[in-house]
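Coordinates from run-v9.txt are shown below (compact mmCIF, C-alpha atoms).
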# COMPACT_ATOMS: atom_id res chain seq x y z
CA MET A 277 20.61 36.32 -6.28
CA LYS A 278 23.01 36.81 -9.19
CA ILE A 279 20.59 35.20 -11.63
CA THR A 280 17.69 37.37 -10.54
CA SER A 281 19.85 40.51 -10.72
CA LEU A 282 20.90 39.48 -14.19
CA ARG A 283 17.28 39.02 -15.26
CA ASP A 284 16.50 42.41 -13.75
CA ALA A 285 19.36 43.99 -15.71
CA ILE A 286 18.32 42.32 -18.96
CA ILE A 287 14.70 43.42 -18.65
CA ASN A 288 15.22 46.91 -17.27
CA VAL A 289 18.59 47.96 -18.72
CA LEU A 290 19.53 45.99 -21.83
CA LEU A 291 16.09 45.62 -23.42
CA PRO A 292 15.16 49.33 -23.17
CA ILE A 293 18.58 50.27 -24.62
CA PHE A 294 18.14 47.69 -27.39
CA PHE A 295 14.66 48.96 -28.36
CA GLY A 296 15.77 52.59 -28.10
CA SER A 297 18.71 51.90 -30.41
CA LEU A 298 16.47 49.97 -32.79
CA ILE A 299 14.08 52.93 -33.08
CA TYR A 300 17.04 55.30 -33.49
CA PHE A 301 18.57 53.27 -36.33
CA ILE A 302 15.41 52.24 -38.20
CA ALA A 303 14.24 55.86 -38.15
CA PHE A 304 16.80 56.44 -40.94
CA ALA A 305 15.11 53.90 -43.18
CA VAL A 306 11.48 53.80 -42.08
CA ASP A 307 9.03 56.62 -41.63
CA ILE A 308 8.23 56.78 -37.91
CA ALA A 309 5.91 59.30 -36.24
CA PRO A 310 8.14 62.24 -35.12
CA SER A 311 6.95 62.00 -31.49
CA VAL A 312 8.01 58.33 -31.34
CA LYS A 313 11.27 58.94 -33.23
CA ASN A 314 12.26 61.97 -31.14
CA TYR A 315 11.17 61.02 -27.63
CA LEU A 316 10.83 57.26 -27.20
CA PRO A 317 14.58 56.46 -27.51
CA ASP A 318 15.28 59.22 -24.94
CA ALA A 319 12.63 57.85 -22.59
CA LEU A 320 14.05 54.32 -22.88
CA TRP A 321 17.61 55.63 -22.35
CA ALA A 322 16.55 57.45 -19.17
CA TYR A 323 14.58 54.46 -17.84
CA SER A 324 17.54 52.18 -18.53
CA LEU A 325 19.95 54.56 -16.74
CA VAL A 326 17.86 54.89 -13.58
CA SER A 327 17.30 51.12 -13.54
CA ALA A 328 21.04 50.41 -13.90
CA ILE A 329 21.82 52.65 -10.92
CA LEU A 330 19.05 51.07 -8.83
CA ILE A 331 20.21 47.54 -9.70
CA VAL A 332 23.83 48.33 -8.74
CA TRP A 333 22.53 49.43 -5.33
CA SER A 334 20.38 46.26 -5.02
CA ARG A 335 17.31 48.38 -5.70
CA LYS A 336 17.93 50.55 -2.67
CA ILE A 337 17.35 54.21 -3.55
CA GLU A 338 20.77 55.82 -3.29
CA VAL A 339 19.86 59.51 -3.12
CA PHE A 340 23.28 60.78 -4.24
CA TRP A 341 23.30 58.87 -7.55
CA ILE A 342 19.60 59.40 -8.25
CA THR A 343 20.12 63.15 -7.76
CA CYS A 344 23.18 62.92 -10.04
CA ILE A 345 21.16 61.54 -12.94
CA PHE A 346 18.45 64.22 -12.59
CA VAL A 347 21.16 66.90 -12.54
CA LEU A 348 22.92 65.27 -15.49
CA ALA A 349 19.71 65.32 -17.59
CA ALA A 350 19.08 68.98 -16.72
CA PHE A 351 22.71 69.85 -17.49
CA PHE A 352 22.61 67.98 -20.82
CA GLU A 353 19.54 69.90 -22.01
CA THR A 354 20.88 73.23 -20.73
CA VAL A 355 24.18 72.97 -22.64
CA GLN A 356 22.19 72.01 -25.74
CA TYR A 357 19.87 74.99 -25.24
CA PHE A 358 22.82 77.37 -25.15
CA ASN A 359 24.36 75.65 -28.20
CA LEU A 360 27.38 74.49 -26.20
CA PHE A 361 26.70 70.93 -27.28
CA PRO A 362 25.20 69.50 -30.50
CA GLY A 363 21.44 69.03 -30.43
CA THR A 364 18.38 71.02 -29.43
CA GLY A 365 17.69 71.94 -25.83
CA ASP A 366 14.03 71.21 -25.28
CA VAL A 367 11.82 71.33 -22.17
CA ILE A 368 9.81 68.37 -23.48
CA ASP A 369 13.03 66.30 -23.65
CA LEU A 370 13.65 67.18 -20.01
CA LEU A 371 10.10 66.19 -19.06
CA VAL A 372 10.58 62.90 -20.91
CA TYR A 373 13.80 62.21 -18.98
CA PHE A 374 12.31 63.12 -15.62
CA SER A 375 9.13 61.09 -16.27
CA SER A 376 11.20 58.05 -17.22
CA PHE A 377 13.38 58.43 -14.11
CA ALA A 378 10.18 58.72 -12.05
CA ILE A 379 8.68 55.59 -13.67
CA GLY A 380 11.90 53.68 -12.93
CA ILE A 381 11.85 54.80 -9.29
CA LEU A 382 8.11 54.13 -8.88
CA MET A 383 8.54 50.60 -10.23
CA ASN A 384 11.55 50.01 -7.98
CA ASN A 385 9.63 48.24 -5.22
CA PHE A 386 7.95 45.93 -7.70
CA PHE A 387 11.27 44.81 -9.18
CA ARG A 388 12.93 44.75 -5.76
CA LYS A 389 10.29 42.28 -4.62
CA ASN A 390 10.09 40.18 -7.78
CA PHE A 391 13.67 40.04 -8.98
CA GLN A 392 15.90 40.72 -6.03
CA ASN A 393 13.78 38.79 -3.50
CA LEU A 394 14.12 41.65 -1.05
CA LYS A 395 11.51 43.41 1.05
CA PRO A 396 10.05 46.55 -0.54
CA HIS A 397 12.17 49.58 0.28
CA LYS A 398 10.48 52.04 2.65
CA HIS A 399 11.03 55.72 1.82
CA GLU A 400 12.15 57.62 4.86
CA MET B 84 26.17 46.84 3.16
CA ASN B 85 29.82 46.96 4.18
CA LYS B 86 32.16 49.83 3.35
CA ARG B 87 34.10 47.93 0.68
CA SER B 88 30.94 46.81 -1.09
CA SER B 89 29.64 50.36 -0.98
CA GLN B 90 32.88 51.63 -2.55
CA TYR B 91 32.50 49.17 -5.43
CA ARG B 92 28.92 50.26 -5.95
CA HIS B 93 30.01 53.89 -6.18
CA ILE B 94 32.61 52.90 -8.78
CA TYR B 95 30.05 50.88 -10.77
CA SER B 96 27.55 53.76 -10.58
CA PHE B 97 30.18 56.15 -11.91
CA LEU B 98 31.08 53.75 -14.75
CA ILE B 99 27.39 53.31 -15.62
CA LEU B 100 26.96 57.07 -15.75
CA MET B 101 29.99 57.37 -18.06
CA CYS B 102 28.62 54.64 -20.36
CA PHE B 103 25.24 56.32 -20.62
CA ILE B 104 26.81 59.75 -21.21
CA THR B 105 28.91 58.21 -24.01
CA LEU B 106 25.76 56.67 -25.49
CA ALA B 107 23.91 60.00 -25.34
CA VAL B 108 26.81 61.95 -26.83
CA GLY B 109 27.33 59.36 -29.57
CA SER B 110 23.70 59.44 -30.60
CA ALA B 111 23.38 63.24 -30.60
CA GLN B 112 22.64 63.64 -34.28
CA VAL B 113 24.70 66.39 -35.82
CA ASN B 114 23.48 67.42 -39.19
CA LYS B 115 25.93 70.02 -40.37
CA ILE B 116 24.41 70.28 -43.84
CA HIS B 117 21.88 73.06 -43.48
CA CYS B 118 18.84 73.62 -45.65
CA GLY B 119 20.40 75.99 -48.15
CA ALA B 120 23.69 74.11 -48.56
CA PHE B 121 22.64 72.36 -51.77
CA SER B 122 20.83 74.15 -54.56
CA ILE B 123 17.45 72.56 -55.19
CA GLU B 124 16.70 74.80 -58.17
CA SER B 125 18.38 72.96 -60.99
CA THR B 126 18.11 69.21 -60.64
CA GLY B 127 19.14 68.27 -64.17
CA GLU B 128 16.03 66.15 -64.65
CA ASP B 129 14.21 66.00 -67.98
CA GLN B 130 11.42 68.51 -67.33
CA LYS B 131 9.31 67.29 -70.27
CA HIS B 132 9.15 63.75 -68.96
CA GLU B 133 5.71 62.30 -68.34
CA SER B 134 4.82 61.45 -64.72
CA TYR B 135 5.51 57.89 -63.69
CA VAL B 136 5.86 55.56 -60.71
CA GLU B 137 8.99 53.40 -60.80
CA MET B 138 8.50 49.96 -59.35
CA ASP B 139 11.13 48.02 -57.41
CA ASP B 140 11.96 45.89 -60.47
CA GLY B 141 12.61 49.04 -62.53
CA THR B 142 9.37 49.02 -64.55
CA LYS B 143 7.65 52.37 -64.94
CA VAL B 144 3.93 52.99 -64.79
CA PHE B 145 3.14 56.19 -66.67
CA GLY B 146 0.21 58.49 -66.03
CA ASP B 147 -0.87 62.08 -65.48
CA GLY B 148 -0.77 62.75 -61.75
CA VAL B 149 0.98 61.14 -58.80
CA THR B 150 -0.29 61.31 -55.20
CA TRP B 151 0.85 59.37 -52.14
CA LYS B 152 0.00 59.11 -48.47
CA SER B 153 1.76 57.54 -45.54
CA GLY B 154 1.23 57.45 -41.81
CA LEU B 155 0.45 55.40 -38.76
CA ILE B 156 -3.26 54.91 -39.42
CA VAL B 157 -3.40 55.25 -43.19
CA LYS B 158 -2.31 52.68 -45.72
CA ASP B 159 1.05 53.59 -47.22
CA GLN B 160 0.16 53.91 -50.86
CA ILE B 161 1.02 55.79 -54.01
CA LYS B 162 -1.47 56.46 -56.76
CA ILE B 163 -0.94 57.28 -60.42
CA ASP B 164 -4.19 58.04 -62.23
CA ASN B 165 -6.43 55.22 -60.97
CA LYS B 166 -3.70 52.71 -60.24
CA THR B 167 -2.65 52.22 -56.62
CA PHE B 168 0.56 50.62 -55.36
CA LYS B 169 2.08 49.97 -51.96
CA ILE B 170 4.86 52.51 -51.33
CA LYS B 171 7.24 49.69 -50.34
CA GLU B 172 6.85 48.13 -53.80
CA THR B 173 8.15 51.26 -55.50
CA ARG B 174 11.61 52.70 -56.05
CA GLY B 175 10.41 56.25 -56.65
CA TYR B 176 8.27 58.44 -58.84
CA PHE B 177 8.60 61.30 -61.30
CA SER B 178 6.24 64.25 -61.18
CA ASN B 179 6.29 67.94 -62.14
CA GLY B 180 9.83 67.76 -63.47
CA SER B 181 11.36 66.15 -60.36
CA TYR B 182 12.23 62.61 -59.43
CA PHE B 183 11.51 61.44 -55.87
CA GLY B 184 13.31 58.41 -54.43
CA ARG B 185 11.74 56.21 -51.78
CA ILE B 186 13.16 56.40 -48.26
CA GLY B 187 11.22 54.10 -45.98
CA ASN B 188 7.57 54.98 -46.44
CA SER B 189 8.10 58.43 -47.89
CA TYR B 190 9.98 60.06 -50.73
CA ALA B 191 12.82 62.57 -51.06
CA ARG B 192 13.47 64.80 -54.05
CA ARG B 193 16.48 63.98 -56.21
CA ILE B 194 18.62 67.08 -56.67
CA VAL B 195 21.67 65.53 -58.35
CA HIS B 196 21.40 62.63 -60.79
CA GLY B 197 24.27 60.45 -61.96
CA LYS B 198 26.75 57.89 -60.64
CA ILE B 199 25.96 59.33 -57.21
CA ASN B 200 22.45 60.64 -56.70
CA VAL B 201 21.71 63.23 -54.04
CA TYR B 202 18.27 63.55 -52.46
CA TYR B 203 16.77 66.24 -50.29
CA ASN B 204 13.91 66.24 -47.82
CA SER B 205 12.61 68.87 -45.43
CA GLU B 206 10.25 68.69 -42.48
CA SER B 207 8.97 71.16 -39.94
CA VAL B 208 9.88 70.30 -36.33
CA SER B 209 8.78 72.01 -33.16
CA SER B 210 10.74 72.64 -29.97
CA THR B 211 9.39 74.00 -26.71
CA SER B 212 11.23 76.23 -24.26
CA THR B 213 10.28 78.30 -21.23
CA ASP B 214 11.38 81.85 -20.50
CA ASN B 215 12.45 83.14 -17.07
CA GLN B 216 8.79 83.80 -16.15
CA GLY B 217 7.86 80.19 -16.81
CA ARG B 218 5.95 80.88 -20.03
CA MET B 219 6.19 78.06 -22.54
CA ARG B 220 7.01 78.92 -26.11
CA THR B 221 6.91 76.59 -29.08
CA THR B 222 9.03 77.42 -32.08
CA TYR B 223 8.98 75.72 -35.44
CA ARG B 224 11.94 75.28 -37.71
CA THR B 225 12.63 73.46 -40.92
CA VAL B 226 15.02 70.54 -40.70
CA CYS B 227 16.54 69.35 -43.95
CA THR B 228 18.00 65.94 -44.52
CA HIS B 229 20.22 65.05 -47.43
CA TYR B 230 20.79 61.55 -48.75
CA ALA B 231 23.14 59.98 -51.26
CA GLN B 232 22.82 56.87 -53.39
CA ARG B 233 25.39 55.08 -55.54
CA GLY B 234 23.73 54.36 -58.88
CA ASP B 235 19.97 54.23 -59.30
CA ASN B 236 19.62 50.93 -57.45
CA GLY B 237 21.90 51.53 -54.46
CA ASP B 238 20.81 52.11 -50.89
CA ILE B 239 19.83 55.68 -50.08
CA ILE B 240 21.90 56.71 -47.06
CA PRO B 241 21.82 59.96 -45.07
CA ILE B 242 24.72 62.40 -45.41
CA ALA B 243 25.21 64.77 -42.50
CA ASN B 244 28.62 66.38 -42.83
CA GLN B 245 31.73 67.09 -44.89
CA ASN B 246 33.29 63.70 -44.03
CA ASP B 247 30.26 61.80 -45.33
CA ILE B 248 30.56 63.64 -48.65
CA LYS B 249 34.36 63.17 -48.77
CA GLU B 250 33.92 59.42 -48.23
CA LEU B 251 31.46 59.20 -51.13
CA VAL B 252 33.68 61.03 -53.65
CA LYS B 253 37.03 59.76 -52.34
CA ASP B 254 38.08 58.29 -55.69
CA CYS B 255 37.77 61.65 -57.46
CA PRO B 256 40.55 64.11 -56.46
CA ALA B 257 38.77 67.13 -57.99
CA SER B 258 35.65 66.53 -55.87
CA VAL B 259 37.72 65.74 -52.78
CA ALA B 260 39.59 69.06 -53.23
CA MET B 261 36.28 70.94 -53.43
CA ILE B 262 34.92 69.41 -50.21
CA SER B 263 38.20 69.37 -48.25
CA LYS B 264 38.24 73.12 -47.70
CA LYS B 265 37.76 74.57 -44.23
CA ASP B 266 34.14 75.06 -43.08
CA LYS B 267 34.42 78.82 -43.45
CA GLU B 268 35.76 78.57 -47.01
CA ILE B 269 33.00 76.15 -48.01
CA ARG B 270 30.38 78.54 -46.63
CA ARG B 271 31.99 81.37 -48.64
CA SER B 272 32.04 79.21 -51.78
CA ILE B 273 28.34 78.37 -51.33
CA ARG B 274 27.53 82.09 -50.92
CA LYS B 275 29.36 82.80 -54.19
CA ASP B 276 27.90 79.83 -56.04
CA ARG B 277 24.63 78.32 -54.80
CA PHE B 278 25.44 75.22 -56.85
CA TYR B 279 28.83 74.63 -55.17
CA LEU B 280 27.99 71.48 -53.16
CA ASN B 281 25.95 70.07 -56.06
CA GLN B 282 29.03 70.67 -58.21
CA VAL B 283 31.08 68.37 -55.95
CA PHE B 284 28.84 65.51 -57.05
CA VAL B 285 28.31 66.75 -60.62
CA THR B 286 32.11 66.77 -61.07
CA TYR B 287 32.25 63.22 -59.73
CA ASN B 288 29.36 62.12 -61.93
CA ASN B 289 30.98 63.59 -65.05
CA GLY B 290 34.01 61.33 -64.72
CA CYS B 291 35.85 63.66 -62.34
CA LYS B 292 36.13 66.45 -64.94
Just give me the structure as structure tokens.
Amino acid sequence: MKITSLRDAIINVLLPIFFGSLIYFIAFAVDIAPSVKNYLPDALWAYSLVSAILIVWSRKIEVFWITCIFVLAAFFETVQYFNLFPGTGDVIDLLVYFSSFAIGILMNNFFRKNFQNLKPHKHE
Amino acid sequence: MNKRSSQYRHIYSFLILMCFITLAVGSAQVNKIHCGAFSIESTGEDQKHESYVEMDDGTKVFGDGVTWKSGLIVKDQIKIDNKTFKIKETRGYFSNGSYFGRIGNSYARRIVHGKINVYYNSESVSSTSTDNQGRMRTTYRTVCTHYAQRGDNGDIIPIANQNDIKELVKDCPASVAMISKKDKEIRRSIRKDRFYLNQVFVTYNNGCK
């Protein structure tokens, strides 16, 4: 159980964060298409976050924490939009976050079955 | 799931959230050097110089006109007259009175030349927002990036704020004094003298005089 959870965490949390960071850092030295440079690290960050929360809860959808991360993403972009925090508030950023959260949640049953050896979670 | 286990999971979830917030905050790129901060008018380059492409080993290939292209589906190449080179094999090029240093697969214009070189690049970026009636609006703005390089062969690194500049000129008290002013005072100095930030590096490059 521990080993499969670890594999799950490596694949769905650490690797996305690693590749996101790699893109973020090499963007200083290498010319990368702006859409990749601006949105892919965000998408990987969001996917990694939702996966980490799902893994902690043994891939059971914990509504409170899943709602928290959606609210957090919306809050983060809103404070950027009103210049209360460095960066640029952008609706596309928000769509990228939400899409990545959705992908993480949609793939939950697959990983639940293959990594955690548990029965697919039924949405009530 | 027992109550104790559930409590731990709440704690872990909170810690995960904190870690990811820290990551997001830490990576929020703050470029405090705006487009007009450095003067790009007078670069101190020899205007009469013939165009050339400078290769990685320092050799120069002279010619009349320089063109280059870079992108995901095109070959990254630079052309001088009829000679073509891979961008990665070059250090920079000189054309129309300006020198351009290579950063990745593109080039940035050198605006200060000396012991520390300063480069400047600008690109147009779009951002989309919606108003209270749900209409989407895309706005375009110019984002400028400044870079510094120690000597002509050093790495070209981005500079984004006062501290980055201070770190580069730290062994020259006159330059440090110029850049250590409060934000407001620096803005006022730039309004008075468009060459003020360039002067921080020019002073350094002239032996701190």
All residues 9 Å or closer to B:Asn236, all atoms listed in the file, same chain fewer than 3 positions away omitted, as a PDB file with C-alpha atoms, in the coordinates of the input:
ATOM      1  CA  ASP B 139      11.130  48.020 -57.410  1.00  0.00           C
ATOM      2  CA  GLY B 141      12.610  49.040 -62.530  1.00  0.00           C
ATOM      3  CA  ARG B 174      11.610  52.700 -56.050  1.00  0.00           C
ATOM      4  CA  GLN B 232      22.820  56.870 -53.390  1.00  0.00           C
ATOM      5  CA  ARG B 233      25.390  55.080 -55.540  1.00  0.00           C
ATOM      6  CA  ILE B 239      19.830  55.680 -50.080  1.00  0.00           C
TER       7      ILE B 239
END
Legend entry - Test item: residues at most 12 Å from B:Lys198, all atoms listed in the file, excluding those fewer than 2 positions along its chain, as a PyMOL selection string: chain B and resi 195-196+200-201+231-237+251-252+284-291
Legend entry - Of the listed residues B:Gln245, B:Ser258, B:Thr150, B:Asn188, that which approaches chain A most closely, counting only C-alpha atoms: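 Result for the nearest residue to chain A: B:Asn188.
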Inset, instruction - Using all atoms listed in the file, pick whichever of B:Asp159, B:Tyr223, B:Ile199, B:Leu98 has the shortest atom-to-atom distance to B:Arg185. - result: B:Asp159
Inset, instruction - Would you work out the distance separating atom CA of A:Thr354 from atom CA of B:Ala107, expressed in Å to one decimal? - result: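 We find that atom CA of A:Thr354 and atom CA of B:Ala107 lie 14.3 Å from each other.
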Legend entry - Among listed residues A:Asn390, A:Val355, A:Ile379, A:Ser324, nearest chain B (using all atoms listed in the file):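 Smallest distance to chain B is found for A:Ser324.
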Inset, instruction - Have a look at atom CA of A:Glu338 and atom CA of A:Phe387 and let me know their distance in Å, one decimal. - result: 15.7 Å
Legend entry - Atom pair atom CA of A:Ile342 / atom CA of B:Arg218: separation (Å): 28.0 Å
Inset, instruction - Go through B:Ile94, B:Ile104, B:Ile186, B:Ile262 one by one, measure the shortest atom-to-atom distance of each to B:Asn204 using only C-alpha atoms, and give the residue with the smallest value. - result: B:Ile186
Legend entry - Within 8 Å of stretch 282-290 of chain A using all atoms listed in the file, minus same-chain residues under 6 positions, as a PyMOL selection string: chain A and resi 323-325+327-328+331+387+391-392
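Considering all atoms listed in the file, the residue among A:Leu291, A:Lys313, A:Ser281, A:Gly380 positioned nearest to A:Ile337 is A:Gly380.
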Inset, instruction - Identify which of the residues A:Cys344, A:Ile329, A:Val312, A:Leu371 lies closest to chain B, counting only C-alpha atoms when measuring atom-to-atom distances. - result: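 Nearest to chain B: A:Ile329.
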Inset, instruction - Might you pull out every residue within 10 Å of B:Tyr203, with all atoms listed in the file counted and same-chain residues fewer than 5 positions away left off, and present them as number ranges by chain? - result: B: 118, 121-123, 183-184, 190-195, 227-231, 241
Inset, instruction - Considering only C-alpha atoms, return as a VMD selection string whatever protein or nucleic-acid residues lie within 12 Å of A:Phe340, sequence-local ones (same chain, fewer than 5 positions apart) excluded. - result: (chain A and resid 329 to 330 333 345 to 347) or (chain B and resid 93 96 to 97)
